[in-house]
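A.B. asks: Coordinates in my_file.txt, compact mmCIF, C-alpha atoms, are listed below.
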# COMPACT_ATOMS: atom_id res chain seq x y z
CA MET E 1 -25.50 -29.37 35.62
CA THR E 2 -25.28 -31.02 32.27
CA ALA E 3 -23.39 -29.43 29.40
CA SER E 4 -26.70 -27.98 28.30
CA PRO E 5 -28.07 -26.27 31.39
CA ASP E 6 -31.09 -25.10 29.41
CA GLU E 7 -32.38 -28.64 29.52
CA ASP E 8 -31.36 -29.55 33.04
CA THR E 9 -34.78 -29.17 34.63
CA GLN E 10 -33.89 -31.71 37.31
CA PHE E 11 -31.17 -29.49 38.71
CA LEU E 12 -33.46 -26.47 38.66
CA THR E 13 -36.16 -28.39 40.53
CA ASP E 14 -33.63 -29.63 43.07
CA PHE E 15 -32.24 -26.13 43.53
CA GLN E 16 -35.71 -24.68 44.05
CA ASN E 17 -36.43 -27.44 46.57
CA LEU E 18 -33.27 -26.45 48.40
CA LEU E 19 -34.41 -22.82 48.54
CA ALA E 20 -37.77 -23.94 49.93
CA ALA E 21 -36.31 -26.37 52.48
CA ARG E 22 -33.60 -24.06 53.81
CA ARG E 23 -34.40 -22.55 57.16
CA ASN E 24 -32.76 -20.77 60.03
CA GLU E 25 -32.18 -23.98 61.95
CA VAL E 26 -32.61 -23.61 65.72
CA SER E 27 -32.43 -27.22 66.84
CA PHE E 28 -29.61 -29.69 66.21
CA LEU E 29 -29.03 -33.37 66.96
CA ASP E 30 -26.31 -34.37 69.39
CA ARG E 31 -24.13 -35.58 66.53
CA ASP E 32 -20.71 -34.28 65.62
CA VAL E 33 -19.71 -32.84 62.26
CA SER E 34 -16.27 -33.89 61.06
CA ALA E 35 -13.54 -31.31 60.53
CA GLU E 36 -13.27 -32.57 56.96
CA LYS E 37 -16.93 -31.86 56.27
CA ILE E 38 -16.65 -28.33 57.67
CA GLU E 39 -13.63 -27.74 55.48
CA ASP E 40 -15.45 -29.06 52.39
CA MET E 41 -18.38 -26.75 53.06
CA LEU E 42 -16.10 -23.76 53.63
CA ALA E 43 -14.35 -24.56 50.36
CA ASP E 44 -17.78 -24.14 48.74
CA ALA E 45 -18.28 -20.83 50.61
CA ASN E 46 -14.92 -19.72 49.26
CA MET E 47 -16.42 -20.02 45.73
CA ALA E 48 -18.86 -17.17 46.45
CA PRO E 49 -18.62 -14.02 44.36
CA SER E 50 -16.55 -11.20 45.82
CA VAL E 51 -16.18 -7.64 44.60
CA GLY E 52 -13.06 -7.33 42.44
CA LEU E 53 -12.38 -11.01 43.22
CA SER E 54 -11.06 -9.73 46.55
CA GLN E 55 -12.10 -12.62 48.82
CA PRO E 56 -12.18 -10.25 51.80
CA TRP E 57 -13.65 -12.96 54.05
CA ARG E 58 -12.15 -14.74 57.01
CA PHE E 59 -13.81 -17.95 58.19
CA VAL E 60 -13.46 -19.10 61.80
CA GLU E 61 -14.53 -22.60 62.78
CA VAL E 62 -15.41 -22.52 66.47
CA ARG E 63 -15.23 -25.81 68.34
CA SER E 64 -13.92 -24.73 71.73
CA GLN E 65 -16.72 -25.32 74.21
CA GLU E 66 -15.66 -22.27 76.17
CA ARG E 67 -15.83 -19.93 73.18
CA ARG E 68 -19.13 -21.35 71.96
CA LYS E 69 -20.55 -20.89 75.43
CA ALA E 70 -19.34 -17.29 75.57
CA VAL E 71 -21.09 -16.58 72.27
CA TYR E 72 -24.29 -18.21 73.48
CA GLN E 73 -24.15 -16.12 76.65
CA ASN E 74 -23.80 -13.02 74.51
CA PHE E 75 -26.85 -14.10 72.52
CA LEU E 76 -28.89 -14.31 75.75
CA HIS E 77 -27.66 -10.84 76.70
CA ALA E 78 -28.32 -9.34 73.24
CA ARG E 79 -31.81 -10.85 73.23
CA GLN E 80 -32.56 -9.12 76.53
CA ILE E 81 -31.53 -5.83 74.96
CA GLU E 82 -33.39 -6.46 71.74
CA ILE E 83 -36.69 -7.36 73.35
CA GLU E 84 -36.93 -3.79 74.64
CA THR E 85 -36.85 -2.55 71.03
CA ILE E 86 -39.77 -4.79 69.97
CA GLU E 87 -43.33 -3.43 69.95
CA ALA E 88 -44.87 -4.03 73.39
CA ASP E 89 -47.59 -6.35 72.16
CA LYS E 90 -45.10 -8.61 70.37
CA ARG E 91 -42.70 -9.08 73.30
CA ALA E 92 -44.36 -12.13 74.84
CA HIS E 93 -44.31 -13.77 71.41
CA TYR E 94 -40.66 -12.80 70.90
CA ALA E 95 -39.70 -14.33 74.26
CA LYS E 96 -41.18 -17.67 73.20
CA LEU E 97 -39.26 -17.93 69.91
CA GLY E 98 -36.36 -20.37 69.76
CA LEU E 99 -34.28 -17.91 67.71
CA THR E 100 -31.02 -19.84 67.82
CA GLY E 101 -29.39 -23.24 67.70
CA LEU E 102 -26.15 -21.88 69.22
CA ASP E 103 -26.62 -24.06 72.29
CA SER E 104 -27.26 -27.35 70.51
CA ALA E 105 -25.00 -26.94 67.44
CA PRO E 106 -21.74 -28.93 67.62
CA VAL E 107 -19.90 -26.32 65.52
CA HIS E 108 -20.16 -22.57 64.99
CA VAL E 109 -18.64 -20.74 62.05
CA ALA E 110 -17.99 -16.99 62.09
CA PHE E 111 -17.66 -14.97 58.89
CA PHE E 112 -15.59 -11.80 59.23
CA LEU E 113 -14.67 -9.02 56.85
CA ASP E 114 -11.01 -8.04 56.83
CA ASN E 115 -11.14 -4.50 55.49
CA SER E 116 -7.38 -4.53 54.98
CA GLU E 117 -7.64 -7.12 52.18
CA GLN E 118 -5.98 -5.60 49.11
CA ARG E 119 -6.47 -8.34 46.53
CA GLY E 120 -9.37 -6.69 44.71
CA HIS E 121 -7.36 -3.48 44.28
CA GLY E 122 -10.43 -1.40 45.15
CA LEU E 123 -12.40 -2.44 42.06
CA GLY E 124 -16.13 -1.86 42.61
CA VAL E 125 -15.75 -0.38 46.06
CA SER E 126 -15.47 3.38 45.46
CA GLN E 127 -19.21 4.00 45.07
CA ASN E 128 -20.37 1.06 47.14
CA PRO E 129 -18.09 0.35 50.10
CA LEU E 130 -20.64 -2.14 51.45
CA ALA E 131 -19.81 -4.37 48.46
CA LEU E 132 -17.06 -5.83 50.66
CA ASN E 133 -19.55 -6.63 53.42
CA TYR E 134 -21.91 -8.12 50.85
CA SER E 135 -19.14 -10.39 49.55
CA VAL E 136 -18.77 -11.87 53.02
CA ALA E 137 -22.56 -12.19 53.42
CA LEU E 138 -22.66 -14.08 50.10
CA ALA E 139 -19.97 -16.47 51.32
CA ALA E 140 -21.99 -17.11 54.49
CA TYR E 141 -25.12 -17.77 52.43
CA THR E 142 -23.19 -20.11 50.14
CA PHE E 143 -22.15 -21.98 53.28
CA TRP E 144 -25.76 -22.00 54.47
CA LEU E 145 -27.00 -23.49 51.20
CA THR E 146 -24.24 -26.05 50.94
CA THR E 147 -24.82 -27.34 54.47
CA TYR E 148 -28.20 -28.50 53.12
CA ALA E 149 -26.63 -29.93 49.96
CA HIS E 150 -24.33 -31.89 52.31
CA GLY E 151 -27.28 -33.23 54.32
CA LEU E 152 -26.80 -30.88 57.27
CA ALA E 153 -28.48 -27.68 58.37
CA SER E 154 -27.42 -24.31 59.72
CA GLY E 155 -28.68 -21.01 61.01
CA TRP E 156 -27.52 -17.37 60.88
CA VAL E 157 -27.62 -15.65 64.25
CA SER E 158 -28.09 -11.87 64.07
CA ILE E 159 -28.86 -11.35 67.75
CA LEU E 160 -25.26 -10.94 68.91
CA GLU E 161 -23.03 -8.01 69.77
CA PRO E 162 -20.32 -8.09 67.07
CA GLU E 163 -17.55 -6.81 69.38
CA ALA E 164 -18.36 -9.45 71.99
CA VAL E 165 -17.99 -12.17 69.36
CA THR E 166 -14.70 -10.75 68.10
CA GLN E 167 -13.45 -10.83 71.70
CA ALA E 168 -14.77 -14.30 72.47
CA LEU E 169 -13.01 -15.71 69.41
CA ASP E 170 -9.80 -13.76 70.00
CA VAL E 171 -9.45 -12.58 66.39
CA PRO E 172 -7.99 -9.24 65.24
CA SER E 173 -10.14 -6.43 66.63
CA ASP E 174 -10.41 -4.73 63.23
CA TRP E 175 -12.13 -7.74 61.68
CA GLU E 176 -15.80 -6.92 61.19
CA LEU E 177 -18.32 -9.65 62.01
CA VAL E 178 -20.74 -10.10 59.10
CA ALA E 179 -22.36 -13.46 59.91
CA TYR E 180 -22.32 -15.97 62.72
CA MET E 181 -23.65 -19.41 61.90
CA CYS E 182 -24.38 -22.55 63.85
CA VAL E 183 -24.19 -25.83 61.97
CA GLY E 184 -25.00 -29.48 62.57
CA TYR E 185 -27.55 -32.14 61.77
CA SER E 186 -31.09 -30.87 62.03
CA ALA E 187 -33.31 -32.22 64.80
CA THR E 188 -36.42 -31.02 62.98
CA ALA E 189 -38.23 -31.44 59.69
CA LEU E 190 -36.71 -29.32 56.93
CA ASP E 191 -39.87 -27.59 55.94
CA GLY E 192 -39.21 -23.88 55.60
CA PRO E 193 -38.90 -20.89 57.91
CA ASP E 194 -39.11 -21.50 61.64
CA LEU E 195 -40.45 -17.95 62.15
CA GLU E 196 -43.34 -18.78 59.81
CA LYS E 197 -44.17 -21.91 61.77
CA ARG E 198 -44.17 -19.85 64.94
CA LYS E 199 -46.35 -17.21 63.30
CA TRP E 200 -43.87 -14.34 63.78
CA SER E 201 -44.18 -13.41 60.13
CA ARG E 202 -45.42 -15.10 57.00
CA ARG E 203 -43.50 -15.37 53.77
CA GLN E 204 -45.34 -13.42 51.11
CA THR E 205 -45.18 -14.35 47.45
CA LEU E 206 -43.40 -12.19 44.93
CA ASP E 207 -46.16 -9.76 43.96
CA PRO E 208 -45.81 -7.02 46.58
CA TYR E 209 -42.06 -6.77 45.99
CA PHE E 210 -41.97 -6.59 42.24
CA LEU E 211 -42.07 -3.51 39.98
CA LYS E 212 -41.51 -3.14 36.26
CA LYS E 213 -39.91 -0.06 34.75
CA MET F 1 -33.05 -33.19 46.55
CA THR F 2 -34.31 -36.60 47.46
CA ALA F 3 -36.02 -37.31 50.76
CA SER F 4 -32.61 -38.35 52.04
CA PRO F 5 -30.32 -35.46 51.17
CA ASP F 6 -27.40 -37.24 52.84
CA GLU F 7 -27.26 -39.56 49.88
CA ASP F 8 -27.95 -37.08 47.11
CA THR F 9 -24.40 -36.71 45.91
CA GLN F 10 -25.61 -35.83 42.41
CA PHE F 11 -27.27 -32.66 43.65
CA LEU F 12 -24.20 -31.69 45.66
CA THR F 13 -21.98 -32.18 42.61
CA ASP F 14 -24.35 -30.15 40.44
CA PHE F 15 -24.53 -27.40 43.05
CA GLN F 16 -20.73 -27.24 43.32
CA ASN F 17 -20.52 -27.10 39.52
CA LEU F 18 -22.92 -24.16 39.60
CA LEU F 19 -20.71 -22.35 42.13
CA ALA F 20 -17.69 -22.93 39.90
CA ALA F 21 -19.43 -21.91 36.66
CA ARG F 22 -21.07 -18.76 38.02
CA ARG F 23 -19.34 -15.59 36.96
CA ASN F 24 -19.91 -11.88 36.77
CA GLU F 25 -21.15 -12.05 33.19
CA VAL F 26 -20.09 -9.09 31.07
CA SER F 27 -21.19 -10.21 27.63
CA PHE F 28 -24.68 -11.23 26.54
CA LEU F 29 -26.24 -12.56 23.35
CA ASP F 30 -28.75 -10.42 21.46
CA ARG F 31 -31.58 -12.65 22.65
CA ASP F 32 -34.54 -11.56 24.73
CA VAL F 33 -35.54 -13.02 28.07
CA SER F 34 -39.26 -13.49 28.53
CA ALA F 35 -41.11 -11.60 31.24
CA GLU F 36 -42.30 -14.95 32.55
CA LYS F 37 -38.74 -16.21 32.99
CA ILE F 38 -37.72 -13.05 34.85
CA GLU F 39 -40.71 -13.47 37.13
CA ASP F 40 -39.87 -17.14 37.77
CA MET F 41 -36.31 -16.22 38.69
CA LEU F 42 -37.45 -13.39 40.95
CA ALA F 43 -39.83 -15.82 42.64
CA ASP F 44 -36.72 -17.86 43.48
CA ALA F 45 -34.97 -14.73 44.75
CA ASN F 46 -37.99 -14.10 46.96
CA MET F 47 -37.21 -17.43 48.72
CA ALA F 48 -33.95 -16.02 50.08
CA PRO F 49 -33.51 -15.76 53.84
CA SER F 50 -34.38 -12.41 55.40
CA VAL F 51 -33.82 -11.22 58.95
CA GLY F 52 -36.98 -11.73 61.01
CA LEU F 53 -38.63 -13.01 57.81
CA SER F 54 -38.98 -9.35 56.90
CA GLN F 55 -38.55 -9.56 53.10
CA PRO F 56 -37.29 -5.96 53.05
CA TRP F 57 -36.40 -6.23 49.35
CA ARG F 58 -37.92 -4.50 46.35
CA PHE F 59 -37.15 -5.90 42.89
CA VAL F 60 -37.29 -3.68 39.82
CA GLU F 61 -37.21 -5.25 36.37
CA VAL F 62 -35.80 -2.64 33.99
CA ARG F 63 -36.71 -3.02 30.33
CA SER F 64 -37.09 0.59 29.25
CA GLN F 65 -34.27 1.30 26.83
CA GLU F 66 -34.05 4.86 28.08
CA ARG F 67 -33.62 3.83 31.72
CA ARG F 68 -31.13 1.09 30.89
CA LYS F 69 -29.14 3.58 28.87
CA ALA F 70 -29.15 6.08 31.73
CA VAL F 71 -27.81 3.43 34.07
CA TYR F 72 -25.12 2.44 31.59
CA GLN F 73 -24.13 6.10 31.22
CA ASN F 74 -23.82 6.33 34.98
CA PHE F 75 -21.58 3.27 34.95
CA LEU F 76 -19.25 5.00 32.48
CA HIS F 77 -19.22 8.08 34.72
CA ALA F 78 -18.65 6.06 37.91
CA ARG F 79 -15.84 4.13 36.26
CA GLN F 80 -14.10 7.41 35.42
CA ILE F 81 -14.31 8.38 39.07
CA GLU F 82 -13.23 4.98 40.32
CA ILE F 83 -10.16 4.71 38.14
CA GLU F 84 -8.67 7.64 40.04
CA THR F 85 -8.88 5.58 43.25
CA ILE F 86 -6.98 2.63 41.75
CA GLU F 87 -3.22 2.29 42.28
CA ALA F 88 -1.44 4.13 39.46
CA ASP F 89 0.23 1.05 38.03
CA LYS F 90 -3.08 -0.85 37.79
CA ARG F 91 -5.03 1.86 35.93
CA ALA F 92 -4.18 0.80 32.40
CA HIS F 93 -5.23 -2.73 33.29
CA TYR F 94 -8.45 -1.46 34.92
CA ALA F 95 -9.32 0.55 31.79
CA LYS F 96 -9.11 -2.59 29.66
CA LEU F 97 -11.48 -4.69 31.81
CA GLY F 98 -15.00 -5.31 30.47
CA LEU F 99 -16.48 -4.83 33.93
CA THR F 100 -20.11 -4.87 32.88
CA GLY F 101 -22.71 -6.36 30.59
CA LEU F 102 -25.11 -3.46 31.18
CA ASP F 103 -24.88 -2.48 27.51
CA SER F 104 -25.53 -5.91 26.00
CA ALA F 105 -27.99 -7.33 28.55
CA PRO F 106 -31.64 -7.30 27.43
CA VAL F 107 -32.88 -6.88 31.00
CA HIS F 108 -31.59 -5.26 34.17
CA VAL F 109 -32.89 -6.01 37.64
CA ALA F 110 -32.34 -3.67 40.59
CA PHE F 111 -32.52 -4.87 44.18
CA PHE F 112 -33.44 -2.19 46.69
CA LEU F 113 -33.83 -2.17 50.47
CA ASP F 114 -36.98 -0.52 51.76
CA ASN F 115 -35.98 0.41 55.29
CA SER F 116 -39.60 1.17 56.14
CA GLU F 117 -40.57 -2.52 55.88
CA GLN F 118 -42.12 -3.51 59.21
CA ARG F 119 -42.89 -7.17 58.66
CA GLY F 120 -39.91 -8.52 60.63
CA HIS F 121 -40.89 -6.41 63.66
CA GLY F 122 -37.26 -5.52 64.26
CA LEU F 123 -36.17 -9.06 65.09
CA GLY F 124 -32.40 -9.48 64.64
CA VAL F 125 -31.81 -5.87 63.68
CA SER F 126 -30.99 -4.11 66.97
CA GLN F 127 -27.34 -5.21 67.12
CA ASN F 128 -26.84 -5.64 63.40
CA PRO F 129 -28.77 -3.07 61.34
CA LEU F 130 -26.93 -4.23 58.22
CA ALA F 131 -28.82 -7.52 58.50
CA LEU F 132 -31.53 -5.81 56.41
CA ASN F 133 -29.01 -4.93 53.70
CA TYR F 134 -27.63 -8.45 53.83
CA SER F 135 -31.11 -9.89 53.32
CA VAL F 136 -31.41 -7.96 50.05
CA ALA F 137 -27.89 -8.99 49.00
CA LEU F 138 -28.85 -12.63 49.61
CA ALA F 139 -31.93 -12.21 47.42
CA ALA F 140 -29.75 -10.77 44.64
CA TYR F 141 -27.32 -13.67 44.95
CA THR F 142 -30.19 -16.17 44.88
CA PHE F 143 -31.27 -14.50 41.64
CA TRP F 144 -27.70 -14.71 40.35
CA LEU F 145 -27.48 -18.44 41.06
CA THR F 146 -30.91 -19.24 39.68
CA THR F 147 -30.22 -17.45 36.40
CA TYR F 148 -27.59 -20.16 35.84
CA ALA F 149 -29.97 -22.90 36.95
CA HIS F 150 -32.39 -21.51 34.33
CA GLY F 151 -29.71 -21.64 31.61
CA LEU F 152 -29.03 -17.90 31.65
CA ALA F 153 -26.30 -15.76 33.16
CA SER F 154 -26.07 -12.50 35.05
CA GLY F 155 -23.69 -10.02 36.60
CA TRP F 156 -23.70 -7.72 39.63
CA VAL F 157 -22.57 -4.18 38.83
CA SER F 158 -21.00 -2.33 41.77
CA ILE F 159 -19.58 0.54 39.75
CA LEU F 160 -22.66 2.76 39.87
CA GLU F 161 -23.75 5.75 41.90
CA PRO F 162 -26.70 4.48 43.94
CA GLU F 163 -28.58 7.81 43.90
CA ALA F 164 -28.23 8.07 40.12
CA VAL F 165 -29.80 4.63 39.74
CA THR F 166 -32.64 5.48 42.11
CA GLN F 167 -33.31 8.56 39.98
CA ALA F 168 -33.01 6.79 36.64
CA LEU F 169 -35.54 4.18 37.74
CA ASP F 170 -37.88 6.72 39.34
CA VAL F 171 -38.40 4.73 42.54
CA PRO F 172 -38.93 6.19 46.04
CA SER F 173 -35.85 8.17 47.01
CA ASP F 174 -35.58 6.45 50.39
CA TRP F 175 -35.10 3.03 48.79
CA GLU F 176 -31.48 2.00 49.19
CA LEU F 177 -29.80 0.31 46.21
CA VAL F 178 -28.12 -2.91 47.31
CA ALA F 179 -27.50 -4.68 44.00
CA TYR F 180 -27.89 -3.93 40.32
CA MET F 181 -27.80 -6.90 37.99
CA CYS F 182 -27.78 -7.41 34.27
CA VAL F 183 -29.24 -10.65 32.96
CA GLY F 184 -29.51 -12.50 29.67
CA TYR F 185 -28.04 -15.39 27.74
CA SER F 186 -24.28 -15.55 28.00
CA ALA F 187 -22.19 -14.87 24.92
CA THR F 188 -19.16 -16.53 26.51
CA ALA F 189 -18.09 -19.85 27.98
CA LEU F 190 -19.29 -20.31 31.56
CA ASP F 191 -15.92 -21.04 33.04
CA GLY F 192 -15.48 -19.02 36.19
CA PRO F 193 -14.51 -15.45 37.08
CA ASP F 194 -13.94 -13.00 34.25
CA LEU F 195 -11.53 -11.02 36.45
CA GLU F 196 -9.42 -14.17 36.85
CA LYS F 197 -9.32 -14.69 33.10
CA ARG F 198 -8.21 -11.09 32.70
CA LYS F 199 -5.59 -11.54 35.44
CA TRP F 200 -6.95 -8.78 37.66
CA SER F 201 -6.93 -11.15 40.63
CA ARG F 202 -6.75 -14.89 41.10
CA ARG F 203 -9.12 -16.92 43.22
CA GLN F 204 -7.18 -18.43 46.08
CA THR F 205 -8.16 -21.70 47.70
CA LEU F 206 -9.56 -21.86 51.20
CA ASP F 207 -6.36 -22.08 53.26
CA PRO F 208 -5.46 -18.42 53.78
CA TYR F 209 -9.00 -17.57 54.88
CA PHE F 210 -9.60 -20.32 57.39
CA LEU F 211 -8.90 -20.33 61.12
CA LYS F 212 -9.85 -22.80 63.83
CA LYS F 213 -10.64 -21.74 67.37
Show this structure as structure tokens.
C.D. replies:
Amino acid sequence: MTASPDEDTQFLTDFQNLLAARRNEVSFLDRDVSAEKIEDMLADANMAPSVGLSQPWRFVEVRSQERRKAVYQNFLHARQIEIETIEADKRAHYAKLGLTGLDSAPVHVAFFLDNSEQRGHGLGVSQNPLALNYSVALAAYTFWLTTYAHGLASGWVSILEPEAVTQALDVPSDWELVAYMCVGYSATALDGPDLEKRKWSRRQTLDPYFLKK
Amino acid sequence: MTASPDEDTQFLTDFQNLLAARRNEVSFLDRDVSAEKIEDMLADANMAPSVGLSQPWRFVEVRSQERRKAVYQNFLHARQIEIETIEADKRAHYAKLGLTGLDSAPVHVAFFLDNSEQRGHGLGVSQNPLALNYSVALAAYTFWLTTYAHGLASGWVSILEPEAVTQALDVPSDWELVAYMCVGYSATALDGPDLEKRKWSRRQTLDPYFLKK
């Protein structure tokens, strides 16, 4: 941004292009991501807002092939469970979706909430305890966005059993999994939601979601 | 972004500057924000990721002075409750924090979760029901970031009773409040967290939050 952000229309356009290009990436090139790059991107994630400036997040970079495989296996298991919860006439469609790049991504990053973090001194949490979870989700989304700003791509995998991931990564059992992301160089065109391409759902414009009071 | 985001270091720098400048704004100029601008920024928020491409969010632009006042009154009430939960030796400090720009902001925007939204068909929700909440939080954060890209500022207010806000805005009682934001033109320098300035907490660098597995 320039000193006068009011006039920085180029940044706004670039930022809006980023929002449009970002997708839940499910297909990665066989190309490594350096440890330095992961650390740079997590430093950006660490700039996310957190309630009371508590930084209740814990980031885990997962490179061990064994652990990544265990997480992918849990995805396959969780998908089998989830498909039973999907309306019958959507199940064949569901089974054909890619849904994850866990298998092709060279690196995974897990975002946990450590509820024992005291640095925010409870500010903002009494009425809204989920504000701590949201802080971690915002860090994960900051990571997601910055992977694109760094020329990479990433995806957030929700079809996982949180306890299985905590076990596979051997982290404290009271850490709460908020987001699990796969990251790497995209093997596909960066042209918006994969689920839209595959006709699972279609992104609607603002109108139906917007009220004035 | 250019066609080759790998090389677009200017955008990355600008994006990182945005992350560093963003703050929980608590002080706004007496300057209106046009309805068109709010709609543009909410259109950006609507580009946020959502689980299963469900867009479970509902955005409420609050301009009615009466409703904004009711929400601000609830903040004062909620703060009185919260201060009792803060460690005794931090209460005097807590009482001196600004904490909110609800009173000076010309516009408020509430971000609700409508749990009845069916458009994602349950994808990604079976193991992680909070993924719906997180989708709304990500939309609110997208709004937060884009207010800065538009030359404005905003703040997320967690010290509110969700049911009181739902009532004050007269929205369906089963909508779940995820974020409540005040927005306007900043009356202060955009130089990072207000809570850091006021020595409530200090942003730590990445190291203590980062593990490798």
A.B. asks: Between E:Thr146, E:Thr100, E:Arg119, E:Asp89, which one has atoms that come closest to Gln16 (chain F), using only C-alpha atoms?
C.D. replies: E:Thr146
A.B. asks: Just need the box for region 188-202 of chain E, edges along x, y and z, holding every atom the file lists for it with 8 Å tacked onto each side, so centre and edge lengths in Å to one decimal, as lines of an AutoDock Vina configuration file.
C.D. replies:
center_x = -41.4
center_y = -22.4
center_z = 60.3
size_x = 25.9
size_y = 34.0
size_z = 25.3
A.B. asks: Per residue of chain F within 6 Å of chain E, note the shortest atom pair and the distance in Å to one decimal, counting all atoms listed in the file, and order the rows by chain and increasing residue number, as JSON lines.
C.D. replies:
{"residue": "F:Met1", "atom": "CA", "partner": "E:Asp14", "partner_atom": "CA", "distance": 5.0}
{"residue": "F:Pro5", "atom": "CA", "partner": "E:Gly151", "partner_atom": "CA", "distance": 4.9}
{"residue": "F:Asp6", "atom": "CA", "partner": "E:Gly151", "partner_atom": "CA", "distance": 4.3}
{"residue": "F:Leu12", "atom": "CA", "partner": "E:Ala149", "partner_atom": "CA", "distance": 5.2}
{"residue": "F:Asp14", "atom": "CA", "partner": "E:Met1", "partner_atom": "CA", "distance": 5.0}
{"residue": "F:Ala43", "atom": "CA", "partner": "E:Leu206", "partner_atom": "CA", "distance": 5.6}
{"residue": "F:Arg58", "atom": "CA", "partner": "E:Tyr209", "partner_atom": "CA", "distance": 4.7}
{"residue": "F:Phe59", "atom": "CA", "partner": "E:Phe210", "partner_atom": "CA", "distance": 4.9}
{"residue": "F:Val60", "atom": "CA", "partner": "E:Leu211", "partner_atom": "CA", "distance": 4.8}
{"residue": "F:Glu61", "atom": "CA", "partner": "E:Lys212", "partner_atom": "CA", "distance": 4.8}
{"residue": "F:Val62", "atom": "CA", "partner": "E:Lys213", "partner_atom": "CA", "distance": 4.9}
{"residue": "F:Glu82", "atom": "CA", "partner": "E:Ser126", "partner_atom": "CA", "distance": 5.8}
{"residue": "F:Gly124", "atom": "CA", "partner": "E:Ser158", "partner_atom": "CA", "distance": 5.0}
{"residue": "F:Ser126", "atom": "CA", "partner": "E:Glu82", "partner_atom": "CA", "distance": 5.8}
{"residue": "F:Gln127", "atom": "CA", "partner": "E:Glu161", "partner_atom": "CA", "distance": 5.8}
{"residue": "F:Ala149", "atom": "CA", "partner": "E:Leu12", "partner_atom": "CA", "distance": 5.3}
{"residue": "F:Gly151", "atom": "CA", "partner": "E:Asp6", "partner_atom": "CA", "distance": 4.3}
{"residue": "F:Ser158", "atom": "CA", "partner": "E:Gly124", "partner_atom": "CA", "distance": 5.0}
{"residue": "F:Ile159", "atom": "CA", "partner": "E:Gly124", "partner_atom": "CA", "distance": 5.1}
{"residue": "F:Glu161", "atom": "CA", "partner": "E:Gln127", "partner_atom": "CA", "distance": 5.8}
{"residue": "F:Leu206", "atom": "CA", "partner": "E:Ala43", "partner_atom": "CA", "distance": 5.6}
{"residue": "F:Tyr209", "atom": "CA", "partner": "E:Arg58", "partner_atom": "CA", "distance": 4.7}
{"residue": "F:Phe210", "atom": "CA", "partner": "E:Phe59", "partner_atom": "CA", "distance": 4.9}
{"residue": "F:Leu211", "atom": "CA", "partner": "E:Val60", "partner_atom": "CA", "distance": 4.8}
{"residue": "F:Lys212", "atom": "CA", "partner": "E:Glu61", "partner_atom": "CA", "distance": 4.8}
{"residue": "F:Lys213", "atom": "CA", "partner": "E:Val62", "partner_atom": "CA", "distance": 4.9}
A.B. asks: I need the residues from that last selection saved to file as a PDB file, in the coordinates of the input (with C-alpha atoms), if you can.
C.D. replies:
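Writing the result to again-v2.pdb gives the following:
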ATOM      1  CA  MET F   1     -33.050 -33.190  46.550  1.00  0.00           C
ATOM      2  CA  PRO F   5     -30.320 -35.460  51.170  1.00  0.00           C
ATOM      3  CA  ASP F   6     -27.400 -37.240  52.840  1.00  0.00           C
ATOM      4  CA  LEU F  12     -24.200 -31.690  45.660  1.00  0.00           C
ATOM      5  CA  ASP F  14     -24.350 -30.150  40.440  1.00  0.00           C
ATOM      6  CA  ALA F  43     -39.830 -15.820  42.640  1.00  0.00           C
ATOM      7  CA  ARG F  58     -37.920  -4.500  46.350  1.00  0.00           C
ATOM      8  CA  PHE F  59     -37.150  -5.900  42.890  1.00  0.00           C
ATOM      9  CA  VAL F  60     -37.290  -3.680  39.820  1.00  0.00           C
ATOM     10  CA  GLU F  61     -37.210  -5.250  36.370  1.00  0.00           C
ATOM     11  CA  VAL F  62     -35.800  -2.640  33.990  1.00  0.00           C
ATOM     12  CA  GLU F  82     -13.230   4.980  40.320  1.00  0.00           C
ATOM     13  CA  GLY F 124     -32.400  -9.480  64.640  1.00  0.00           C
ATOM     14  CA  SER F 126     -30.990  -4.110  66.970  1.00  0.00           C
ATOM     15  CA  GLN F 127     -27.340  -5.210  67.120  1.00  0.00           C
ATOM     16  CA  ALA F 149     -29.970 -22.900  36.950  1.00  0.00           C
ATOM     17  CA  GLY F 151     -29.710 -21.640  31.610  1.00  0.00           C
ATOM     18  CA  SER F 158     -21.000  -2.330  41.770  1.00  0.00           C
ATOM     19  CA  ILE F 159     -19.580   0.540  39.750  1.00  0.00           C
ATOM     20  CA  GLU F 161     -23.750   5.750  41.900  1.00  0.00           C
ATOM     21  CA  LEU F 206      -9.560 -21.860  51.200  1.00  0.00           C
ATOM     22  CA  TYR F 209      -9.000 -17.570  54.880  1.00  0.00           C
ATOM     23  CA  PHE F 210      -9.600 -20.320  57.390  1.00  0.00           C
ATOM     24  CA  LEU F 211      -8.900 -20.330  61.120  1.00  0.00           C
ATOM     25  CA  LYS F 212      -9.850 -22.800  63.830  1.00  0.00           C
ATOM     26  CA  LYS F 213     -10.640 -21.740  67.370  1.00  0.00           C
TER      27      LYS F 213
END
A.B. asks: Quick one: of F:Ala70, F:Val33, F:Met41, F:Ala164, who's nearest to Pro106 (chain F), counting only C-alpha atoms?
C.D. replies: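 Among the listed residues, F:Val33 lies closest to Pro106 (chain F).
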A.B. asks: Starting from the point (-33.6, -31.6, 65.5), work out which residues of protein, DNA or RNA have an atom no more than 6 Å away when counting all atoms listed in the file; state them as a PyMOL selection string.
C.D. replies: chain E and resi 27-29+186-188
A.B. asks: Rounded to one decimal in Å, what is the spacing between CA of Pro172 (chain F) and CA of Val107 (chain F)?
C.D. replies: 20.8 Å
A.B. asks: I'd like the interatomic distance between CA of Ala153 (chain F) and CA of Thr166 (chain F), to a tenth of an Å.
C.D. replies: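 CA of Ala153 (chain F) sits 23.9 Å away from CA of Thr166 (chain F).
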